[in-house]
Amino acid sequence: MEGSSTGLLRYKSGGHEDFDLEKFFREGLSQALGGKAQLNIMLAGRVGVGKSTLVNAIFGEPIAPTGVGQSITRNIQRYDRPNLPISVYDTPGIELGVETGRIADTYLAEIRRQMGDDDTRVHFCLYCVRTRDERFEAVESEIVRALAKEVLVALVLTQCPTPEDPRAHRFAQYLASLRLPVLNGRCFKTLAEQDNIAGVTLPAFGLPDLVSSIYDQLPDAQRYTLASCQRVSLELKIAEARRSVNVKTGTAALIAATPIPLADAIPLSALQIGMLGQIATIMGLKVDPKAIVTAFATVLGVASIARTTASFFKLFPGAGATINATIASTTTKMLGEVFITACTNVLTRQLAGERIHPDDVVGELVKELPVLLNGAARTTLGRSAA
Ligand SMILES: Nc1nc2c(ncn2[C@@H]2O[C@H](COP(=O)(O)OP(=O)(O)O)[C@@H](O)[C@H]2O)c(=O)[nH]1
Ligand SMILES: [Mg+2]
């Protein structure tokens with residue numbers, strides 16, 4: 001069991017090691033939090049179109065300052081937030097007629113300056129155009145074309161009243177006719193923050209579509225950061241959590257490539273429980289490790305969880321006394337899917353306006369686990385163990 005290239009088999013076999021659910025979950029959390037790659041976003045477009053509002057709405061945090069004041073930024077500003085692996089390069093708003101020729105050069109110089117370093121490189125640019133201006137100058141075309149040679153550019157129509165607004169639709173068609181080299185060859189209509197016009201509330205829209213489209217184009221490491229940190233698309237969180245479960249499922253199969261006695265399956269349990277910490281992080285939920293322990297004890301019908309893997313593996317009836325690759329990967333996938341479902345249920349209730357106490361995540365888990373595990377485990381594992 002020693003010297004594995006996966007780096008996961010650091011627990012020696014022989015039954016001396018403790019199965020420690022709380023510790024494994026904590027480790028999963030800290031790996032998930034510490035493992036987020038830096039994601040750098042450039043904002044470009046004219047002054048006051050809603051660049052700051054857009055990026056702040058995507059991440060649910062005031063990263064870039066907003067306001068209607070004049071453009072005081074002469075150079076590109078970098079904004080960071082503590083505990084958020086995201087930086088925003090806010091460009092001085094384009095003021096038409098003012099040194100327009102040099103604007104693109106300034107942006108490009110900054111992009112190139114940061115390009116070499118993985119931590120500072122710009123991963124994508126949001127080029128914002130305000131819908132009601134119905135104006136996109138030749139110089140903006142030039143800037144977008146120049147930027148797109150260096151970096152992924154998403155063209156965003158900001159402050160769009162509704163998805164069906166006819167004037168926005170015509171403007172979007174006009175922009176599409178320019179055949180700009182932008183993400184998906186089109187612009188994204190958005191209203192980042194709900195608006196109020198003549199007493200009518202216009203709900204925010206368009207951000208999930210924008211964020212998912214950008215996600216599709218990013219490298220895996222930045223996808224993870226974007227999906228985890230964004231606060232607009234639950235679907236994207238689910239997709240990323242599934243991707244993470246698939247990776248863990250593969251690793252689980254490796255751990256049990258040579259079948260292992262259940263008593264020696266601690267690395268597998270550590271992986272599975274750590275995975276739950278990662279899922280919670282992607283879903284943006286704070287889950288108390290102690291509450292997780294209580295939840296599993298409830299599911300297992302015991303007062304406290306014994307410090308053996310065998311006690312934990314009672315979650316998977318039919319798993320048998322020897323764990324092979326199929327059982328390892330099947331149980332990992334099952335546990336991952338069940339936890340994603342539990343988190344999704346909580347977040348869905350939250351989106352519906354319910355105030356969710358952090359403990360409710362665990363409450364959901366306790367509700368979901370027995371049903372899902374018992375059903376799935378008996379059929380799937382019964383077969384693979386045979
Ligand atoms: N309601 C609403 N107001 C917005 C939106 N986007 C921009 N604004 C308003 O427009 C002003 C300028 O926005 P800001 O994000 O600072 O523009 P920037 O100069 O492009 O960064 C802000 O004070 C906001 O009140 C939006 O999506 N909804
Ligand atoms: Mg701004």
# chains A, B, ... in the order shown; residues from 1 in each chain; ligands from 1

$ residues_near_ligand --ligand "ligand 1" --cutoff "9 Å" --atoms "only C-alpha atoms and all ligand atoms" --output "MDAnalysis selection string"
chainID A and resid 43:57 64:71 90 92:93 128:130 158:161 190:196 202 204:205

$ select_by_dssp --residues "stretch 24-69 of chain A" --states "alpha helix (DSSP H)" --output "ChimeraX atom specification"
/A:24-34,51-59

$ residues_around --residues "A:Phe312" --least-positions-apart "2" --cutoff "9 Å" --atoms "only C-alpha atoms" --output "ChimeraX atom specification"
/A:19,21,269,296,300,305-310,314-316

$ residues_around --residues "stretch 33-42 of chain A" --least-positions-apart "2" --cutoff "6 Å" --atoms "only C-alpha atoms" --output "list of chain:residue names"
A:Ser30, A:Gln31, A:Pro85, A:Ile86, A:Ser87, A:Val88, A:Tyr89, A:Asp119, A:Val122, A:His123, A:Phe124, A:Cys125, A:Ala221, A:Gln222, A:Thr225

$ write_last_selection --atoms "C-alpha atoms" --output "PDB file, in the first residue's frame"
ATOM      1  CA  SER A  30      -8.952  23.196   3.387  1.00  0.00           C
ATOM      2  CA  GLN A  31      -7.691  21.566   0.187  1.00  0.00           C
ATOM      3  CA  PRO A  85      -8.995  34.285  -5.530  1.00  0.00           C
ATOM      4  CA  ILE A  86     -10.215  36.809  -8.061  1.00  0.00           C
ATOM      5  CA  SER A  87      -8.659  40.025  -9.307  1.00  0.00           C
ATOM      6  CA  VAL A  88     -10.308  42.611 -11.462  1.00  0.00           C
ATOM      7  CA  TYR A  89      -8.297  44.814 -13.793  1.00  0.00           C
ATOM      8  CA  ASP A 119      -1.154  34.315 -11.113  1.00  0.00           C
ATOM      9  CA  VAL A 122      -5.812  37.973 -17.683  1.00  0.00           C
ATOM     10  CA  HIS A 123      -8.178  35.054 -18.285  1.00  0.00           C
ATOM     11  CA  PHE A 124     -10.980  36.937 -19.933  1.00  0.00           C
ATOM     12  CA  CYS A 125     -12.227  40.415 -20.635  1.00  0.00           C
ATOM     13  CA  ALA A 221      -8.217  25.312 -12.779  1.00  0.00           C
ATOM     14  CA  GLN A 222      -9.955  28.598 -13.586  1.00  0.00           C
ATOM     15  CA  THR A 225     -12.546  29.105  -9.301  1.00  0.00           C
TER      16      THR A 225
END

$ closest_residue --among "A:Leu207, A:Val362, A:Leu180, A:Val245" --to "A:Ile143" --atoms "only C-alpha atoms"
A:Leu180

$ select_by_dssp --residues "stretch 89-239 of chain A" --states "strand (DSSP E)" --output "PyMOL selection string"
chain A and resi 89-90+124-130+152-158+187-189+195-197+200-202
